[in-house]
$ cat coords_2.pdb   # PDB, C-alpha atoms
ATOM      1  CA  SER A   1      33.517   0.879   6.743  1.00  0.00           C
ATOM      2  CA  GLU A   2      35.882   0.752   3.804  1.00  0.00           C
ATOM      3  CA  ASP A   3      34.138   3.816   2.336  1.00  0.00           C
ATOM      4  CA  VAL A   4      35.101   5.869   5.354  1.00  0.00           C
ATOM      5  CA  GLU A   5      38.732   4.804   5.081  1.00  0.00           C
ATOM      6  CA  GLU A   6      38.797   5.574   1.367  1.00  0.00           C
ATOM      7  CA  ILE A   7      37.112   8.959   1.825  1.00  0.00           C
ATOM      8  CA  SER A   8      39.477   9.824   4.659  1.00  0.00           C
ATOM      9  CA  PHE A   9      42.507   8.825   2.568  1.00  0.00           C
ATOM     10  CA  TRP A  10      41.570  11.124  -0.335  1.00  0.00           C
ATOM     11  CA  ILE A  11      40.532  14.004   1.945  1.00  0.00           C
ATOM     12  CA  HIS A  12      43.962  13.943   3.575  1.00  0.00           C
ATOM     13  CA  LYS A  13      45.810  13.548   0.284  1.00  0.00           C
ATOM     14  CA  TYR A  14      44.097  16.379  -1.583  1.00  0.00           C
ATOM     15  CA  ALA A  15      43.790  18.753   1.374  1.00  0.00           C
ATOM     16  CA  LYS A  16      47.515  18.392   1.994  1.00  0.00           C
ATOM     17  CA  GLN A  17      48.206  18.980  -1.698  1.00  0.00           C
ATOM     18  CA  GLU A  18      46.202  22.235  -1.580  1.00  0.00           C
ATOM     19  CA  ASN A  19      47.612  23.247   1.798  1.00  0.00           C
ATOM     20  CA  MET A  20      44.187  23.067   3.422  1.00  0.00           C
ATOM     21  CA  ASP A  21      42.909  21.687   6.698  1.00  0.00           C
ATOM     22  CA  PRO A  22      41.528  18.187   6.026  1.00  0.00           C
ATOM     23  CA  MET A  23      39.152  18.544   8.978  1.00  0.00           C
ATOM     24  CA  LEU A  24      37.433  21.505   7.318  1.00  0.00           C
ATOM     25  CA  VAL A  25      36.968  19.408   4.167  1.00  0.00           C
ATOM     26  CA  ALA A  26      35.647  16.507   6.272  1.00  0.00           C
ATOM     27  CA  ALA A  27      33.194  18.816   8.077  1.00  0.00           C
ATOM     28  CA  LEU A  28      31.955  20.179   4.741  1.00  0.00           C
ATOM     29  CA  ILE A  29      31.489  16.717   3.214  1.00  0.00           C
ATOM     30  CA  GLY A  30      29.761  15.514   6.377  1.00  0.00           C
ATOM     31  CA  ARG A  31      27.279  18.385   6.106  1.00  0.00           C
ATOM     32  CA  GLU A  32      26.778  17.988   2.362  1.00  0.00           C
ATOM     33  CA  SER A  33      26.273  14.227   2.056  1.00  0.00           C
ATOM     34  CA  SER A  34      26.739  12.603   5.486  1.00  0.00           C
ATOM     35  CA  PHE A  35      29.601  10.770   3.738  1.00  0.00           C
ATOM     36  CA  GLN A  36      27.181   8.985   1.392  1.00  0.00           C
ATOM     37  CA  LYS A  37      29.068   8.713  -1.893  1.00  0.00           C
ATOM     38  CA  GLU A  38      25.864   7.998  -3.867  1.00  0.00           C
ATOM     39  CA  ALA A  39      23.998  11.040  -2.482  1.00  0.00           C
ATOM     40  CA  VAL A  40      21.932  13.108  -4.923  1.00  0.00           C
ATOM     41  CA  SER A  41      20.117  16.250  -3.754  1.00  0.00           C
ATOM     42  CA  LYS A  42      16.766  17.435  -5.029  1.00  0.00           C
ATOM     43  CA  THR A  43      18.622  20.071  -7.054  1.00  0.00           C
ATOM     44  CA  GLY A  44      20.729  17.345  -8.665  1.00  0.00           C
ATOM     45  CA  ALA A  45      23.986  17.929  -6.784  1.00  0.00           C
ATOM     46  CA  LYS A  46      25.940  14.699  -6.630  1.00  0.00           C
ATOM     47  CA  GLY A  47      28.248  12.676  -4.460  1.00  0.00           C
ATOM     48  CA  LEU A  48      30.211  13.427  -1.323  1.00  0.00           C
ATOM     49  CA  GLY A  49      30.673  17.156  -1.864  1.00  0.00           C
ATOM     50  CA  GLN A  50      27.268  17.528  -3.571  1.00  0.00           C
ATOM     51  CA  ILE A  51      28.740  19.000  -6.738  1.00  0.00           C
ATOM     52  CA  LYS A  52      26.488  20.353  -9.485  1.00  0.00           C
ATOM     53  CA  ASP A  53      26.829  19.003 -13.011  1.00  0.00           C
ATOM     54  CA  PHE A  54      27.866  22.378 -14.458  1.00  0.00           C
ATOM     55  CA  ASN A  55      31.006  22.298 -12.270  1.00  0.00           C
ATOM     56  CA  PHE A  56      32.178  18.835 -13.371  1.00  0.00           C
ATOM     57  CA  LYS A  57      34.287  20.030 -16.288  1.00  0.00           C
ATOM     58  CA  ASP A  58      36.145  22.720 -14.308  1.00  0.00           C
ATOM     59  CA  LEU A  59      36.738  20.299 -11.464  1.00  0.00           C
ATOM     60  CA  ASP A  60      37.841  17.471 -13.720  1.00  0.00           C
ATOM     61  CA  ILE A  61      35.035  15.126 -12.633  1.00  0.00           C
ATOM     62  CA  GLU A  62      33.861  12.398 -14.985  1.00  0.00           C
ATOM     63  CA  ASP A  63      32.060  10.289 -12.404  1.00  0.00           C
ATOM     64  CA  PRO A  64      30.667  12.265  -9.444  1.00  0.00           C
ATOM     65  CA  PHE A  65      30.087   9.028  -7.508  1.00  0.00           C
ATOM     66  CA  ASN A  66      33.758   8.114  -7.698  1.00  0.00           C
ATOM     67  CA  VAL A  67      35.142   8.876  -4.232  1.00  0.00           C
ATOM     68  CA  GLN A  68      38.550  10.048  -5.427  1.00  0.00           C
ATOM     69  CA  GLN A  69      37.190  12.354  -8.148  1.00  0.00           C
ATOM     70  CA  ASN A  70      34.490  13.841  -5.951  1.00  0.00           C
ATOM     71  CA  VAL A  71      36.812  14.512  -3.001  1.00  0.00           C
ATOM     72  CA  ARG A  72      39.425  16.011  -5.329  1.00  0.00           C
ATOM     73  CA  GLY A  73      36.734  18.221  -6.906  1.00  0.00           C
ATOM     74  CA  THR A  74      35.345  19.263  -3.530  1.00  0.00           C
ATOM     75  CA  VAL A  75      38.804  20.226  -2.256  1.00  0.00           C
ATOM     76  CA  LYS A  76      39.623  22.063  -5.476  1.00  0.00           C
ATOM     77  CA  TYR A  77      36.366  24.020  -5.364  1.00  0.00           C
ATOM     78  CA  LEU A  78      36.670  24.909  -1.669  1.00  0.00           C
ATOM     79  CA  LYS A  79      40.274  25.993  -2.229  1.00  0.00           C
ATOM     80  CA  HIS A  80      39.109  28.195  -5.109  1.00  0.00           C
ATOM     81  CA  LEU A  81      36.462  29.795  -2.873  1.00  0.00           C
ATOM     82  CA  LEU A  82      38.961  30.361  -0.057  1.00  0.00           C
ATOM     83  CA  THR A  83      41.175  32.118  -2.612  1.00  0.00           C
ATOM     84  CA  VAL A  84      38.248  34.275  -3.771  1.00  0.00           C
ATOM     85  CA  TRP A  85      37.735  35.519  -0.197  1.00  0.00           C
ATOM     86  CA  LYS A  86      41.411  35.685   0.802  1.00  0.00           C
ATOM     87  CA  GLY A  87      42.071  38.836   2.784  1.00  0.00           C
ATOM     88  CA  SER A  88      38.539  39.067   4.213  1.00  0.00           C
ATOM     89  CA  LYS A  89      38.574  38.738   7.972  1.00  0.00           C
ATOM     90  CA  ASN A  90      35.955  35.985   7.850  1.00  0.00           C
ATOM     91  CA  SER A  91      37.209  34.308   4.676  1.00  0.00           C
ATOM     92  CA  THR A  92      36.383  30.771   5.850  1.00  0.00           C
ATOM     93  CA  GLU A  93      32.757  31.699   6.606  1.00  0.00           C
ATOM     94  CA  LEU A  94      32.431  33.503   3.258  1.00  0.00           C
ATOM     95  CA  ALA A  95      33.996  30.571   1.383  1.00  0.00           C
ATOM     96  CA  LEU A  96      31.572  28.131   3.031  1.00  0.00           C
ATOM     97  CA  ALA A  97      28.622  30.435   2.311  1.00  0.00           C
ATOM     98  CA  SER A  98      29.816  30.544  -1.311  1.00  0.00           C
ATOM     99  CA  TYR A  99      29.971  26.757  -1.409  1.00  0.00           C
ATOM    100  CA  TYR A 100      26.317  26.758  -0.390  1.00  0.00           C
ATOM    101  CA  GLN A 101      24.887  29.570  -2.506  1.00  0.00           C
ATOM    102  CA  GLY A 102      27.624  30.564  -4.947  1.00  0.00           C
ATOM    103  CA  PRO A 103      30.153  33.405  -4.695  1.00  0.00           C
ATOM    104  CA  ASN A 104      27.951  35.964  -6.455  1.00  0.00           C
ATOM    105  CA  ALA A 105      25.046  35.541  -4.053  1.00  0.00           C
ATOM    106  CA  THR A 106      27.539  35.677  -1.193  1.00  0.00           C
ATOM    107  CA  LYS A 107      29.039  38.945  -2.469  1.00  0.00           C
ATOM    108  CA  LYS A 108      25.563  40.463  -2.737  1.00  0.00           C
ATOM    109  CA  LYS A 109      24.359  39.251   0.650  1.00  0.00           C
ATOM    110  CA  GLN A 110      27.545  39.132   2.693  1.00  0.00           C
ATOM    111  CA  HIS A 111      26.262  41.680   5.230  1.00  0.00           C
ATOM    112  CA  ARG A 112      22.835  40.065   5.601  1.00  0.00           C
ATOM    113  CA  MET A 113      23.067  36.372   4.905  1.00  0.00           C
ATOM    114  CA  PRO A 114      19.836  34.356   4.834  1.00  0.00           C
ATOM    115  CA  ALA A 115      19.320  32.231   7.953  1.00  0.00           C
ATOM    116  CA  LYS A 116      19.660  28.977   6.019  1.00  0.00           C
ATOM    117  CA  VAL A 117      23.107  30.076   4.827  1.00  0.00           C
ATOM    118  CA  THR A 118      24.359  31.125   8.260  1.00  0.00           C
ATOM    119  CA  GLY A 119      22.890  27.906   9.665  1.00  0.00           C
ATOM    120  CA  TYR A 120      24.819  25.886   7.101  1.00  0.00           C
ATOM    121  CA  VAL A 121      28.071  27.729   7.828  1.00  0.00           C
ATOM    122  CA  ASP A 122      27.639  27.470  11.619  1.00  0.00           C
ATOM    123  CA  ASP A 123      26.878  23.780  11.300  1.00  0.00           C
ATOM    124  CA  ILE A 124      30.101  23.082   9.398  1.00  0.00           C
ATOM    125  CA  LEU A 125      32.214  25.262  11.685  1.00  0.00           C
ATOM    126  CA  GLY A 126      30.699  23.581  14.750  1.00  0.00           C
ATOM    127  CA  THR A 127      31.617  20.156  13.371  1.00  0.00           C
ATOM    128  CA  TYR A 128      35.044  21.464  12.423  1.00  0.00           C
ATOM    129  CA  ARG A 129      35.673  22.742  15.946  1.00  0.00           C
ATOM    130  CA  SER A 130      34.616  19.411  17.461  1.00  0.00           C
ATOM    131  CA  LEU A 131      36.910  17.532  15.042  1.00  0.00           C
ATOM    132  CA  THR A 132      39.906  19.720  15.843  1.00  0.00           C
ATOM    133  CA  LYS A 133      39.443  19.846  19.618  1.00  0.00           C
ATOM    134  CA  LYS A 134      42.429  18.132  21.143  1.00  0.00           C
TER     135      LYS A 134
END
$ encode --input "coords_2.pdb" --output "structure tokens"
Amino acid sequence: SEDVEEISFWIHKYAKQENMDPMLVAALIGRESSFQKEAVSKTGAKGLGQIKDFNFKDLDIEDPFNVQQNVRGTVKYLKHLLTVWKGSKNSTELALASYYQGPNATKKKQHRMPAKVTGYVDDILGTYRSLTKK
């Protein structure tokens, strides 16, 4: 569909800009919203990357259902979390856990993550591995 092409275009553009792997971003968005740009969770997270309202300002999002803005915000936030955990041996896992539950909860629980968090992380990494398999 045209949505998929548009989403893919912005994922590649912004991931490249932030020097990130677009397939990791795609795996995250797939897990968060199944690529449904109108998705709203029961906690009120919105759009492709399921971003909470309180993050809109920092991520420069005016319309969370706008594909370009949401993908840009998702990439920016994931990049920020990867930077937070830079230097940890499992920085990608910790960044993804932080995307799910916030960096503070992840710092507190990093040695005993709740099953739903590890499930979320494993899910994304599994998708990521299948996307990057040559």
$ residues_around --input "coords_2.pdb" --residues "region 33-37 of chain A" --least-positions-apart "2" --cutoff "12 Å" --atoms "all atoms listed in the file" --output "PyMOL selection string"
chain A and resi 1-8+11+25-31+39-41+45-51+63-71+74+124+127
$ closest_residue --input "coords_2.pdb" --among "A:Lys79, A:Lys108, A:Lys86, A:Lys57" --to "Tyr14 (chain A)" --atoms "only C-alpha atoms"
A:Lys79
$ atom_distance --input "coords_2.pdb" --atom1 "CA of Ser98 (chain A)" --atom2 "CA of Asp60 (chain A)"
19.7 Å
$ resolve_selection --input "coords_2.pdb" --expression "the PyMOL selection byres ((chain A and resi 94) around 9)" --output "PyMOL selection string"
chain A and resi 81-82+85+88+90-93+95-99+103+106-107+110+121
$ atom_distance --input "coords_2.pdb" --atom1 "CA of Pro22 (chain A)" --atom2 "CA of Leu78 (chain A)"
11.3 Å
$ atom_distance --input "coords_2.pdb" --atom1 "CA of Ile61 (chain A)" --atom2 "CA of Thr132 (chain A)"
29.3 Å
$ axis_aligned_box --input "coords_2.pdb" --around "region 66-70 of chain A" --padding-each-side "3 Å" --output "AutoDock Vina command-line options"
--center_x 36.2 --center_y 11.0 --center_z -6.2 --size_x 10.8 --size_y 11.7 --size_z 9.9
$ closest_residue --input "coords_2.pdb" --among "A:Lys89, A:Leu125, A:Ser130, A:Tyr100" --to "Met113 (chain A)" --atoms "all atoms listed in the file"
A:Tyr100
$ build_atoms --input "coords_2.pdb" --residues "region 29-51 of chain A" --atoms "N, CA, C and O atoms" --output "short mmCIF file (atom, residue, chain, number, x, y, z; two decimals), in the coordinates of the input"
data_model
loop_
_atom_site.label_atom_id
_atom_site.label_comp_id
_atom_site.auth_asym_id
_atom_site.auth_seq_id
_atom_site.Cartn_x
_atom_site.Cartn_y
_atom_site.Cartn_z
N ILE A 29 32.04 17.92 3.84
CA ILE A 29 31.49 16.72 3.21
C ILE A 29 30.46 16.06 4.13
O ILE A 29 29.40 15.61 3.67
N GLY A 30 30.73 16.06 5.42
CA GLY A 30 29.76 15.51 6.38
C GLY A 30 28.44 16.25 6.30
O GLY A 30 27.36 15.64 6.29
N ARG A 31 28.51 17.56 6.19
CA ARG A 31 27.28 18.39 6.11
C ARG A 31 26.58 18.19 4.77
O ARG A 31 25.36 18.13 4.69
N GLU A 32 27.36 18.08 3.70
CA GLU A 32 26.78 17.99 2.36
C GLU A 32 26.11 16.64 2.09
O GLU A 32 25.06 16.58 1.48
N SER A 33 26.75 15.55 2.48
CA SER A 33 26.27 14.23 2.06
C SER A 33 26.23 13.18 3.16
O SER A 33 25.89 12.03 2.89
N SER A 34 26.59 13.58 4.40
CA SER A 34 26.74 12.60 5.49
C SER A 34 27.65 11.45 5.06
O SER A 34 27.45 10.31 5.47
N PHE A 35 28.62 11.75 4.23
CA PHE A 35 29.60 10.77 3.74
C PHE A 35 28.97 9.66 2.90
O PHE A 35 29.53 8.58 2.78
N GLN A 36 27.82 9.95 2.30
CA GLN A 36 27.18 8.98 1.39
C GLN A 36 27.65 9.30 -0.03
O GLN A 36 27.23 10.30 -0.61
N LYS A 37 28.48 8.40 -0.59
CA LYS A 37 29.07 8.71 -1.89
C LYS A 37 28.06 8.69 -3.04
O LYS A 37 28.31 9.26 -4.09
N GLU A 38 26.89 8.07 -2.82
CA GLU A 38 25.86 8.00 -3.87
C GLU A 38 24.81 9.10 -3.71
O GLU A 38 23.80 9.10 -4.42
N ALA A 39 25.02 10.03 -2.77
CA ALA A 39 24.00 11.04 -2.48
C ALA A 39 23.68 11.91 -3.70
O ALA A 39 24.58 12.31 -4.44
N VAL A 40 22.39 12.16 -3.90
CA VAL A 40 21.93 13.11 -4.92
C VAL A 40 20.89 14.01 -4.26
O VAL A 40 19.94 13.53 -3.65
N SER A 41 21.07 15.32 -4.38
CA SER A 41 20.12 16.25 -3.75
C SER A 41 18.93 16.49 -4.69
O SER A 41 18.98 16.14 -5.87
N LYS A 42 17.92 17.17 -4.16
CA LYS A 42 16.77 17.43 -5.03
C LYS A 42 17.12 18.43 -6.14
O LYS A 42 16.42 18.50 -7.14
N THR A 43 18.19 19.17 -5.97
CA THR A 43 18.62 20.07 -7.05
C THR A 43 19.62 19.38 -7.99
O THR A 43 20.16 20.01 -8.89
N GLY A 44 19.87 18.09 -7.75
CA GLY A 44 20.73 17.34 -8.66
C GLY A 44 22.22 17.40 -8.35
O GLY A 44 23.04 16.95 -9.15
N ALA A 45 22.57 17.94 -7.18
CA ALA A 45 23.99 17.93 -6.78
C ALA A 45 24.36 16.50 -6.40
O ALA A 45 23.55 15.77 -5.85
N LYS A 46 25.60 16.11 -6.73
CA LYS A 46 25.94 14.70 -6.63
C LYS A 46 27.18 14.40 -5.79
O LYS A 46 28.14 15.14 -5.78
N GLY A 47 27.08 13.24 -5.12
CA GLY A 47 28.25 12.68 -4.46
C GLY A 47 28.59 13.34 -3.14
O GLY A 47 27.82 14.11 -2.57
N LEU A 48 29.77 13.03 -2.67
CA LEU A 48 30.21 13.43 -1.32
C LEU A 48 30.15 14.92 -1.09
O LEU A 48 29.69 15.39 -0.06
N GLY A 49 30.65 15.70 -2.02
CA GLY A 49 30.67 17.16 -1.86
C GLY A 49 29.47 17.83 -2.49
O GLY A 49 29.41 19.05 -2.56
N GLN A 50 28.50 17.00 -2.96
CA GLN A 50 27.27 17.53 -3.57
C GLN A 50 27.59 18.57 -4.65
O GLN A 50 27.21 19.74 -4.56
N ILE A 51 28.28 18.12 -5.67
CA ILE A 51 28.74 19.00 -6.74
C ILE A 51 27.73 19.00 -7.88
O ILE A 51 27.20 17.96 -8.25
#
